[in-house]
Amino acid sequence: MMRIQKWNSKLKHYNVFRSSNCRYFSNSTASDVFGPPPSSPQRRVVVTGLGMVSPLGTGVKASWEALIEGKCGVRALTAEDLNMEGFENETLLRTLEQLPSQVVASVPRGKNVGEFDEEYWLHLRDKKYMARFISYALCASEEALRDAGWSSEDTEQKEKTGVAIGGGIGSISDILEAAKLISEQRVRRLSPFFIPRILINMAAGHVSIKYGFKGPNHAAATACATGAHSIGDAFRMIRFGDAEVMVAGGTESSTDALSIAGFCRARALSTKYNSSPQKASRPFDSNRDGFVIGEGAGIMVLEELEHAKQRRAKIYAEVRGYGMSGDAHHITQPQNDGHGAFLAMERALKQAGLFPDQVDYINAHATSTPLGDCVEAKAIKTLFTEHATSGNLALSSTKGATGHLLGAAGAVEAIFSVLALHHDIAPLTLNLEEPDPIFHDGFTPLKASRKMSIKS
């Protein structure tokens, strides 16, 4: 969980951004020989740039407007979505036929406004060594840096600018294709760029190479907490002086045959709404039956406050707190009482110096799974108590519109949270027709976008 502040030079209010449970490990040593380390002030960190590629469109403006208008990025799965290059057409069609889930939230591609121009971002030379998830990160990073107005040619500044972009899975379609070559005893045809194409850290690597950023280079790979972790880790890197500017977020492109088949076998994906795809992703709704797999990237430019003020940068918000936890319970199922999620939120509030009743809006992680959504709602209700049932706490999950972007989810939703603060609009939860019985009184997710004052 993160705490994000709406930026105002006179007011000091803080915002909540909610992510899934995360793990945090630390260790420390003390030495009487060397004495304590030099004290370092906890510097303030602000958001100065935003970039996005999502199932709602390419670009922050296109995605945000589609979200607020209640549009949906989910559609029917096609053979092309399976990314099975090199396989016979009969095998491709048979694979598609056998998949129980026939819905997907893929990025719209093309050359029109709001579409991802794959020819531009994956032209012939780059396509040899760059998988799609990397190109999404490059596209979103370019938009975020342009939005922030950060393109310094100064060597010292580049050494103080870092990149923290993670991913959940990487390029599974490349692994499938490599396995095919092995089964056909054609391993010598394997691309020399196979490893660089599948490694999750290559998204951060390509961004740093393109812009010459020589600060910290970091790539989290923590499933659907990845995007939130990347932003939170970047926030701390700036706070403790490792960098002045960080390009941070998450990216994912796992709408492929093997990923979809794997999640289907785990019974995680929606299967009930194959004939009506846009209704399939329905967070917190009583008739939810699994998540819709999606893809995209979300990138933020984070910056030390005084650095941003000195160059007169536009400031969207201030990041105030970051909480992580692990419920130590099960590899996929959360603890029934939601204690893991509770700890993450509680720690973020403590770090931000806020009380629960000072929070105005929560962007929930809720993915549209029967168990996960209910457990998360329990955690929110436990922590926010009367504030949750008072009607003053706005709650929504934007995954109804985007599906679940896995490693990119936390970053894309962080951007939506910042935009909610910036525009004073809490986005709706799409397809919420019959809220889960856990909701009652004033505690219920938003069914429509709400214009309201959002300070934290």
# chains A, B, ... in the order shown; residues from 1 in each chain; ligands from 1
call {"tool": "closest_atom_pairs", "arguments": {"of": "range 271-349 of chain A", "to": "range 120-133 of chain A", "cutoff": "10 Å", "atoms": "only C-alpha atoms", "output": "CSV"}}
result
residue,atom,partner,partner_atom,distance
A:Glu295,CA,A:Phe133,CA,8.3
A:Gly296,CA,A:Phe133,CA,7.5
A:Ala297,CA,A:Phe133,CA,7.9
call {"tool": "select_by_dssp", "arguments": {"residues": "range 81-315 of chain A", "states": "alpha helix (DSSP H)", "output": "PyMOL selection string"}}
result
chain A and resi 89-98+118-121+124-127+132-148+155-159+172-183+194-198+202-211+226-239+257-265+305-310
call {"tool": "closest_residue", "arguments": {"among": "A:Gly323, A:Pro283, A:Pro192, A:Gly400", "to": "Cys72 in chain A", "atoms": "only C-alpha atoms"}}
result
A:Gly400
call {"tool": "closest_atom_pairs", "arguments": {"of": "range 192-246 of chain A", "to": "range 301-314 of chain A", "cutoff": "8 Å", "atoms": "only C-alpha atoms", "output": "Markdown table"}}
result
| residue | atom | partner | partner_atom | distance |
| --- | --- | --- | --- | --- |
| A:Ala234 | CA | A:Leu302 | CA | 7.5 |
| A:Phe235 | CA | A:Leu302 | CA | 7.0 |
| A:Ile238 | CA | A:Glu304 | CA | 6.3 |
| A:Arg239 | CA | A:Glu304 | CA | 7.3 |
| A:Glu244 | CA | A:Glu304 | CA | 5.4 |
| A:Val245 | CA | A:Glu303 | CA | 4.4 |
| A:Met246 | CA | A:Leu302 | CA | 5.1 |
call {"tool": "residues_around", "arguments": {"residues": "range 210-224 of chain A", "least_positions_apart": "4", "cutoff": "7 Å", "atoms": "only C-alpha atoms", "output": "ChimeraX atom specification"}}
result
/A:158-168,200-201,204,206,229-230,243,406-407,409-410
call {"tool": "atom_distance", "arguments": {"atom1": "CA of Asp256 in chain A", "atom2": "CA of Phe87 in chain A"}}
result
13.0 Å
call {"tool": "residues_around", "arguments": {"residues": "range 377-391 of chain A", "least_positions_apart": "6", "cutoff": "7 Å", "atoms": "only C-alpha atoms", "output": "list of chain:residue names"}}
result
A:Asp337, A:Gly338, A:His339, A:Ala341, A:Phe342, A:Pro356, A:Asp357, A:Asp441, A:Gly442, A:Phe443
call {"tool": "residues_around", "arguments": {"residues": "Leu93 in chain A", "least_positions_apart": "4", "cutoff": "8 Å", "atoms": "only C-alpha atoms", "output": "count of residues only"}}
result
3
call {"tool": "closest_residue", "arguments": {"among": "A:Gly321, A:Gly49, A:Pro196, A:Pro100", "to": "Asp147 in chain A", "atoms": "only C-alpha atoms"}}
result
A:Gly49
call {"tool": "residues_around", "arguments": {"residues": "range 139-144 of chain A", "least_positions_apart": "5", "cutoff": "8 Å", "atoms": "only C-alpha atoms", "output": "ChimeraX atom specification"}}
result
/A:49-53,59,121,207,247,297-301
call {"tool": "select_by_dssp", "arguments": {"residues": "range 54-282 of chain A", "states": "strand (DSSP E or B)", "output": "list in words"}}
result
Ser54, Gly57, Thr58, Arg75, Ala76, Val103, Val104, Ala105, Arg109, Phe116, Thr161, Gly162, Val163, Ala164, Ile165, Gly166, Gly167, Asn217, His218, Val245, Met246, Val247, Ala248, Gly249, Gly250, Thr251, Glu252 and Leu269 of chain A
